[in-house]
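S.K.: Provided below: upload_4.tsv, containing TSV, C-alpha atoms and all ligand atoms.
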chain	number	residue	atom	x	y	z
N	118	MET	CA	0.00	0.00	0.00
N	119	ALA	CA	1.17	3.48	-0.74
N	120	ILE	CA	0.07	7.05	-0.64
N	121	ARG	CA	-0.52	8.39	-4.14
N	122	GLN	CA	-0.33	11.98	-5.23
N	123	ILE	CA	-3.70	13.70	-5.54
N	124	VAL	CA	-3.97	15.91	-8.60
N	125	THR	CA	-5.56	19.31	-8.18
N	126	LYS	CA	-7.81	21.66	-10.12
N	127	GLY	CA	-6.23	22.52	-13.43
N	128	ASP	CA	-4.92	19.01	-14.05
N	129	PRO	CA	-6.54	17.66	-17.24
N	130	ALA	CA	-7.13	14.25	-15.60
N	131	LEU	CA	-9.94	15.82	-13.58
N	132	ARG	CA	-11.84	16.79	-16.73
N	133	LYS	CA	-11.87	13.49	-18.60
N	134	ILE	CA	-14.71	11.03	-19.05
N	135	CYS	CA	-13.27	7.92	-17.42
N	136	ARG	CA	-13.46	4.49	-19.01
N	137	THR	CA	-15.20	1.39	-17.70
N	138	GLN	CA	-12.98	-0.82	-15.56
N	139	LEU	CA	-12.91	-4.23	-17.24
N	140	ASN	CA	-10.19	-6.09	-15.36
N	141	PHE	CA	-10.78	-7.21	-11.78
N	142	ASP	CA	-7.24	-8.17	-11.04
N	143	ASP	CA	-4.38	-7.66	-8.60
N	144	ARG	CA	-3.56	-4.32	-10.13
N	145	LEU	CA	-7.06	-2.99	-9.44
N	146	ALA	CA	-6.87	-4.29	-5.86
N	147	MET	CA	-3.52	-2.58	-5.35
N	148	ILE	CA	-4.77	0.75	-6.69
N	149	LEU	CA	-7.93	0.57	-4.55
N	150	ASP	CA	-5.81	-0.12	-1.46
N	151	ASP	CA	-3.58	2.83	-2.33
N	152	MET	CA	-6.60	5.05	-2.91
N	153	ALA	CA	-8.06	4.20	0.51
N	154	ASP	CA	-4.70	4.93	2.16
N	155	THR	CA	-4.46	8.18	0.25
N	156	MET	CA	-8.00	9.22	1.18
N	157	TYR	CA	-7.49	8.50	4.88
N	158	GLU	CA	-4.12	10.19	4.96
N	159	ALA	CA	-5.67	13.31	3.42
N	160	GLU	CA	-8.63	13.06	5.84
N	161	GLY	CA	-11.10	12.93	2.98
N	162	VAL	CA	-14.37	11.00	2.79
N	163	GLY	CA	-14.02	9.97	-0.83
N	164	LEU	CA	-11.51	9.67	-3.63
N	165	ALA	CA	-12.04	8.88	-7.30
N	166	ALA	CA	-9.51	7.24	-9.61
N	167	PRO	CA	-8.98	10.33	-11.81
N	168	GLN	CA	-7.87	12.20	-8.68
N	169	VAL	CA	-4.81	9.94	-8.65
N	170	GLY	CA	-4.43	10.25	-12.40
N	171	ILE	CA	-6.16	7.00	-13.37
N	172	LEU	CA	-8.91	7.53	-15.94
N	173	ARG	CA	-11.10	4.61	-14.92
N	174	ARG	CA	-14.56	4.45	-13.40
N	175	TYR	CA	-14.03	3.68	-9.75
N	176	CYS	CA	-13.87	5.42	-6.41
N	177	VAL	CA	-13.60	4.81	-2.69
N	178	VAL	CA	-15.85	6.37	-0.05
N	179	ASP	CA	-15.82	6.31	3.75
N	180	VAL	CA	-18.04	8.79	5.53
N	181	GLY	CA	-17.27	7.19	8.88
N	182	ASP	CA	-19.28	3.99	8.62
N	183	GLY	CA	-16.72	1.90	6.76
N	184	LEU	CA	-14.93	1.80	3.44
N	185	ILE	CA	-16.92	1.17	0.30
N	186	GLU	CA	-15.42	0.63	-3.13
N	187	LEU	CA	-17.58	1.47	-6.14
N	188	ILE	CA	-16.36	0.13	-9.47
N	189	ASN	CA	-18.31	1.23	-12.56
N	190	PRO	CA	-20.99	2.86	-10.40
N	191	VAL	CA	-24.31	3.94	-11.88
N	192	ILE	CA	-27.00	5.91	-10.07
N	193	LEU	CA	-30.19	3.91	-10.55
N	194	GLU	CA	-32.54	6.08	-8.52
N	195	GLN	CA	-32.40	9.34	-6.68
N	196	SER	CA	-34.91	11.24	-4.60
N	197	GLY	CA	-35.29	14.35	-2.51
N	198	SER	CA	-32.74	17.10	-2.26
N	199	GLN	CA	-30.29	18.57	0.21
N	200	ILE	CA	-28.29	21.76	0.07
N	201	GLY	CA	-25.07	21.78	2.00
N	202	PRO	CA	-21.33	22.39	2.07
N	203	GLU	CA	-18.95	20.33	0.02
N	204	GLY	CA	-15.22	20.21	-0.54
N	205	CYS	CA	-12.82	18.15	-2.61
N	206	LEU	CA	-9.28	16.90	-2.07
N	207	SER	CA	-8.53	18.15	-5.60
N	208	VAL	CA	-9.72	21.66	-4.72
N	209	PRO	CA	-7.73	22.17	-1.52
N	210	GLY	CA	-8.65	24.86	0.96
N	211	GLU	CA	-12.03	25.63	-0.57
N	212	SER	CA	-15.63	24.65	-0.02
N	213	GLY	CA	-18.97	25.56	-1.49
N	214	THR	CA	-22.66	24.87	-1.23
N	215	VAL	CA	-24.07	22.25	-3.57
N	216	GLU	CA	-27.54	20.77	-4.04
N	217	ARG	CA	-27.60	16.99	-4.16
N	218	PRO	CA	-30.26	14.29	-3.90
N	219	MET	CA	-31.14	13.27	-0.35
N	220	SER	CA	-31.12	9.61	-1.29
N	221	VAL	CA	-29.46	7.63	-4.06
N	222	THR	CA	-29.41	4.00	-5.05
N	223	VAL	CA	-26.22	3.01	-6.83
N	224	ARG	CA	-25.39	-0.15	-8.72
N	225	ALA	CA	-21.69	-0.96	-8.85
N	226	GLN	CA	-19.21	-3.79	-8.85
N	227	ASP	CA	-16.87	-4.76	-6.05
N	228	ARG	CA	-13.15	-5.41	-6.51
N	229	ASN	CA	-13.93	-8.98	-7.57
N	230	GLY	CA	-16.37	-7.85	-10.25
N	231	LYS	CA	-19.49	-8.85	-8.32
N	232	THR	CA	-22.43	-6.52	-8.92
N	233	PHE	CA	-24.26	-5.04	-5.93
N	234	THR	CA	-26.64	-2.20	-5.19
N	235	VAL	CA	-26.40	0.18	-2.26
N	236	THR	CA	-28.74	2.92	-1.08
N	237	ALA	CA	-27.28	5.92	0.71
N	238	GLU	CA	-28.94	8.86	2.42
N	239	GLY	CA	-27.83	12.29	3.51
N	240	PHE	CA	-24.10	12.92	3.65
N	241	LYS	CA	-23.26	9.52	2.21
N	242	ALA	CA	-25.57	10.16	-0.77
N	243	ARG	CA	-23.75	13.46	-1.25
N	244	ALA	CA	-20.38	11.69	-1.19
N	245	PHE	CA	-21.52	9.09	-3.72
N	246	CYS	CA	-22.79	11.77	-6.10
N	247	HIS	CA	-19.60	13.83	-5.73
N	248	GLU	CA	-17.33	10.85	-6.46
N	249	ILE	CA	-19.41	9.56	-9.36
N	250	ASP	CA	-19.33	13.05	-10.87
N	251	HIS	CA	-15.52	12.83	-10.84
N	252	LEU	CA	-15.75	9.86	-13.22
N	253	ASP	CA	-17.37	12.17	-15.78
N	254	GLY	CA	-14.92	15.01	-15.32
N	255	ILE	CA	-17.31	17.03	-13.16
N	256	LEU	CA	-16.18	18.90	-10.04
N	257	TYR	CA	-18.43	20.24	-7.29
N	258	ILE	CA	-17.36	23.77	-8.24
N	259	ASP	CA	-19.30	23.26	-11.49
N	260	LYS	CA	-22.50	22.82	-9.49
N	261	LEU	CA	-22.44	25.54	-6.87
N	262	SER	CA	-25.90	26.38	-5.59
N	263	PRO	CA	-27.17	29.95	-5.76
N	264	GLU	CA	-27.96	29.44	-2.08
N	265	GLY	CA	-25.01	29.82	0.25
N	266	ASN	CA	-22.50	30.92	-2.36
N	267	GLU	CA	-21.65	34.50	-3.17
C	1	NI	NI	-13.75	15.46	-5.08
Show the structure stored in the file as structure tokens.
Ligand code: NI

M.R.:
Amino acid sequence: MAIRQIVTKGDPALRKICRTQLNFDDRLAMILDDMADTMYEAEGVGLAAPQVGILRRYCVVDVGDGLIELINPVILEQSGSQIGPEGCLSVPGESGTVERPMSVTVRAQDRNGKTFTVTAEGFKARAFCHEIDHLDGILYIDKLSPEGNE
């Protein structure tokens, strides 16, 4: 396991549409382990592959209730809305107010390629949406709410 460098705003990797992850192999496992280490070391609650320069569709999230790895995640359903503060390890030292769904159901694969669905509410739903946006080159600063931002 190793800490990887997190790229920051301005790096083209953050603006790419990432590709589907097809290989569920030792290399994927190693990168996921590194990403979790990197996220925890940076005291973040989520990290997406493009943030470590890998243009593939996966991310790690831990909002305090355990690590979850989402490979090729797709939002199947979303409901409600919440407006609240958000930050990003790739936009250091800043935060902004963003509207997100209150609840999302995501279908993804685990590191072995097994498909699962997970429903998240509140802050965890926000984290899922933020990380999945990264896989399409979208940053939270693209979505600032008129409420709470100047
Ligand atoms: Ni982010």

S.K.: Distance limit 8 Å, reference ligand NI 1 (chain C), atoms considered: only C-alpha atoms and all ligand atoms. Which residues make the cut? Give them as a VMD selection string.

M.R.: chain N and resid 163 to 165 168 204 to 208 247 to 248 251 256 to 257

S.K.: So that I can check the surroundings of region 123-135 of chain N, please list as a ChimeraX atom specification every protein, DNA and RNA residue that reaches within 7 Å of it, counting only C-alpha atoms and ignoring chain neighbours fewer than 5 positions away.

M.R.: /N:167-170,172-174,207-208,251-255

S.K.: As a JSON list (two decimals) with C-alpha atoms, keeping the file's coordinate frame, please: the residues near Arg228 (chain N) (cut-off 12 Å, all atoms listed in the file, same-chain neighbours under 2 positions excluded).

M.R.:
[["chain", "number", "residue", "atom", "x", "y", "z"],
["N", 138, "GLN", "CA", -12.98, -0.82, -15.56],
["N", 139, "LEU", "CA", -12.91, -4.23, -17.24],
["N", 140, "ASN", "CA", -10.19, -6.09, -15.36],
["N", 141, "PHE", "CA", -10.78, -7.21, -11.78],
["N", 142, "ASP", "CA", -7.24, -8.17, -11.04],
["N", 143, "ASP", "CA", -4.38, -7.66, -8.60],
["N", 144, "ARG", "CA", -3.56, -4.32, -10.13],
["N", 145, "LEU", "CA", -7.06, -2.99, -9.44],
["N", 146, "ALA", "CA", -6.87, -4.29, -5.86],
["N", 147, "MET", "CA", -3.52, -2.58, -5.35],
["N", 148, "ILE", "CA", -4.77, 0.75, -6.69],
["N", 149, "LEU", "CA", -7.93, 0.57, -4.55],
["N", 150, "ASP", "CA", -5.81, -0.12, -1.46],
["N", 175, "TYR", "CA", -14.03, 3.68, -9.75],
["N", 176, "CYS", "CA", -13.87, 5.42, -6.41],
["N", 177, "VAL", "CA", -13.60, 4.81, -2.69],
["N", 185, "ILE", "CA", -16.92, 1.17, 0.30],
["N", 186, "GLU", "CA", -15.42, 0.63, -3.13],
["N", 187, "LEU", "CA", -17.58, 1.47, -6.14],
["N", 188, "ILE", "CA", -16.36, 0.13, -9.47],
["N", 189, "ASN", "CA", -18.31, 1.23, -12.56],
["N", 225, "ALA", "CA", -21.69, -0.96, -8.85],
["N", 226, "GLN", "CA", -19.21, -3.79, -8.85],
["N", 230, "GLY", "CA", -16.37, -7.85, -10.25],
["N", 231, "LYS", "CA", -19.49, -8.85, -8.32],
["N", 232, "THR", "CA", -22.43, -6.52, -8.92],
["N", 233, "PHE", "CA", -24.26, -5.04, -5.93]]

S.K.: Expressed in Å to a single decimal, how great is the separation between CA of Gly239 (chain N) and CA of Ser220 (chain N)?

M.R.: 6.4 Å

S.K.: Choose the residue, out of N:Thr155, N:Gln199, N:Ser212, N:Thr234, that has the smallest atom-to-atom separation from Gln122 (chain N); count all atoms listed in the file.

M.R.: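 The shortest atom-to-atom distance to Gln122 (chain N) comes from N:Thr155.
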
S.K.: Please compute the CA of Val191 (chain N)-CA of Pro218 (chain N) distance, one decimal, in Å.

M.R.: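 Atom-to-atom, CA of Val191 (chain N) to CA of Pro218 (chain N), that is 14.4 Å.
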
S.K.: Rounded to one decimal, what separation in Å do you get between CA of Ile249 (chain N) and CA of Gly181 (chain N)?

M.R.: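 Separation of CA of Ile249 (chain N) and CA of Gly181 (chain N): 18.5 Å.
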
S.K.: Considering all atoms listed in the file, can you say which of N:Met219, N:Leu184, N:Met118, N:Met152 comes closest to Ser196 (chain N)?

M.R.: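 Using all atoms listed in the file, Ser196 (chain N) sits closest to N:Met219.
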
S.K.: Measuring atom to atom with only C-alpha atoms, identify which of N:Ala153, N:Ile171, N:Leu193, N:Val162 is nearest to Arg243 (chain N).

M.R.: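 Ranking N:Ala153, N:Ile171, N:Leu193, N:Val162 by distance to Arg243 (chain N), first place goes to N:Val162.
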
S.K.: Between N:Ile192, N:Ile258, N:Asp250, N:Arg217, which has the minimum distance to Val235 (chain N) (counting all atoms listed in the file)?

M.R.: N:Ile192

S.K.: From (-27.9, 27.9, -5.3), in the file's coordinates, out to 9 Å: which residues are reached, counting all atoms listed in the file? Answer as a list in words.

M.R.: Ile200, Thr214, Val215, Glu216, Lys260, Leu261, Ser262, Pro263, Glu264, Gly265 and Asn266 of chain N

S.K.: What would region 160-183 of chain N look like with N, CA and C atoms in place, written as a PDB file, keeping the file's coordinate frame?

M.R.:
ATOM      1  N   GLU N 160      -7.431  12.808   5.032  1.00  0.00           N
ATOM      2  CA  GLU N 160      -8.630  13.060   5.840  1.00  0.00           C
ATOM      3  C   GLU N 160      -9.823  13.440   4.975  1.00  0.00           C
ATOM      4  N   GLY N 161      -9.930  12.752   3.834  1.00  0.00           N
ATOM      5  CA  GLY N 161     -11.100  12.930   2.980  1.00  0.00           C
ATOM      6  C   GLY N 161     -12.124  11.851   3.244  1.00  0.00           C
ATOM      7  N   VAL N 162     -13.304  12.007   2.653  1.00  0.00           N
ATOM      8  CA  VAL N 162     -14.370  11.000   2.790  1.00  0.00           C
ATOM      9  C   VAL N 162     -14.621  10.282   1.477  1.00  0.00           C
ATOM     10  N   GLY N 163     -13.871  10.648   0.448  1.00  0.00           N
ATOM     11  CA  GLY N 163     -14.020   9.970  -0.830  1.00  0.00           C
ATOM     12  C   GLY N 163     -12.856  10.320  -1.734  1.00  0.00           C
ATOM     13  N   LEU N 164     -12.565   9.415  -2.661  1.00  0.00           N
ATOM     14  CA  LEU N 164     -11.510   9.670  -3.630  1.00  0.00           C
ATOM     15  C   LEU N 164     -11.829   8.867  -4.885  1.00  0.00           C
ATOM     16  N   ALA N 165     -11.744   9.526  -6.023  1.00  0.00           N
ATOM     17  CA  ALA N 165     -12.040   8.880  -7.300  1.00  0.00           C
ATOM     18  C   ALA N 165     -10.744   8.664  -8.071  1.00  0.00           C
ATOM     19  N   ALA N 166     -10.738   7.619  -8.895  1.00  0.00           N
ATOM     20  CA  ALA N 166      -9.510   7.240  -9.610  1.00  0.00           C
ATOM     21  C   ALA N 166      -8.866   8.398 -10.379  1.00  0.00           C
ATOM     22  N   PRO N 167      -9.640   9.237 -11.076  1.00  0.00           N
ATOM     23  CA  PRO N 167      -8.980  10.330 -11.810  1.00  0.00           C
ATOM     24  C   PRO N 167      -8.223  11.288 -10.896  1.00  0.00           C
ATOM     25  N   GLN N 168      -8.595  11.326  -9.612  1.00  0.00           N
ATOM     26  CA  GLN N 168      -7.870  12.200  -8.680  1.00  0.00           C
ATOM     27  C   GLN N 168      -6.460  11.701  -8.393  1.00  0.00           C
ATOM     28  N   VAL N 169      -6.191  10.427  -8.713  1.00  0.00           N
ATOM     29  CA  VAL N 169      -4.810   9.940  -8.650  1.00  0.00           C
ATOM     30  C   VAL N 169      -4.305   9.646 -10.057  1.00  0.00           C
ATOM     31  N   GLY N 170      -4.938  10.277 -11.039  1.00  0.00           N
ATOM     32  CA  GLY N 170      -4.430  10.250 -12.400  1.00  0.00           C
ATOM     33  C   GLY N 170      -4.789   9.005 -13.193  1.00  0.00           C
ATOM     34  N   ILE N 171      -5.763   8.232 -12.697  1.00  0.00           N
ATOM     35  CA  ILE N 171      -6.160   7.000 -13.370  1.00  0.00           C
ATOM     36  C   ILE N 171      -7.560   7.210 -13.963  1.00  0.00           C
ATOM     37  N   LEU N 172      -7.664   7.136 -15.274  1.00  0.00           N
ATOM     38  CA  LEU N 172      -8.910   7.530 -15.940  1.00  0.00           C
ATOM     39  C   LEU N 172      -9.839   6.336 -16.111  1.00  0.00           C
ATOM     40  N   ARG N 173     -10.207   5.758 -14.967  1.00  0.00           N
ATOM     41  CA  ARG N 173     -11.100   4.610 -14.920  1.00  0.00           C
ATOM     42  C   ARG N 173     -12.231   4.885 -13.945  1.00  0.00           C
ATOM     43  N   ARG N 174     -13.355   4.146 -14.157  1.00  0.00           N
ATOM     44  CA  ARG N 174     -14.560   4.450 -13.400  1.00  0.00           C
ATOM     45  C   ARG N 174     -14.616   3.697 -12.068  1.00  0.00           C
ATOM     46  N   TYR N 175     -13.871   4.207 -11.104  1.00  0.00           N
ATOM     47  CA  TYR N 175     -14.030   3.680  -9.750  1.00  0.00           C
ATOM     48  C   TYR N 175     -13.618   4.715  -8.717  1.00  0.00           C
ATOM     49  N   CYS N 176     -14.132   4.487  -7.499  1.00  0.00           N
ATOM     50  CA  CYS N 176     -13.870   5.420  -6.410  1.00  0.00           C
ATOM     51  C   CYS N 176     -13.978   4.674  -5.086  1.00  0.00           C
ATOM     52  N   VAL N 177     -13.455   5.314  -4.054  1.00  0.00           N
ATOM     53  CA  VAL N 177     -13.600   4.810  -2.690  1.00  0.00           C
ATOM     54  C   VAL N 177     -14.298   5.896  -1.866  1.00  0.00           C
ATOM     55  N   VAL N 178     -15.116   5.451  -0.912  1.00  0.00           N
ATOM     56  CA  VAL N 178     -15.850   6.370  -0.050  1.00  0.00           C
ATOM     57  C   VAL N 178     -15.827   5.801   1.373  1.00  0.00           C
ATOM     58  N   ASP N 179     -15.608   6.676   2.347  1.00  0.00           N
ATOM     59  CA  ASP N 179     -15.820   6.310   3.750  1.00  0.00           C
ATOM     60  C   ASP N 179     -16.252   7.559   4.495  1.00  0.00           C
ATOM     61  N   VAL N 180     -17.540   7.617   4.804  1.00  0.00           N
ATOM     62  CA  VAL N 180     -18.040   8.790   5.530  1.00  0.00           C
ATOM     63  C   VAL N 180     -18.049   8.540   7.038  1.00  0.00           C
ATOM     64  N   GLY N 181     -17.374   7.465   7.450  1.00  0.00           N
ATOM     65  CA  GLY N 181     -17.270   7.190   8.880  1.00  0.00           C
ATOM     66  C   GLY N 181     -17.937   5.893   9.283  1.00  0.00           C
ATOM     67  N   ASP N 182     -18.597   5.253   8.298  1.00  0.00           N
ATOM     68  CA  ASP N 182     -19.280   3.990   8.620  1.00  0.00           C
ATOM     69  C   ASP N 182     -18.661   2.816   7.849  1.00  0.00           C
ATOM     70  N   GLY N 183     -17.422   2.996   7.426  1.00  0.00           N
ATOM     71  CA  GLY N 183     -16.720   1.900   6.760  1.00  0.00           C
ATOM     72  C   GLY N 183     -16.424   2.215   5.302  1.00  0.00           C
TER      73      GLY N 183
END
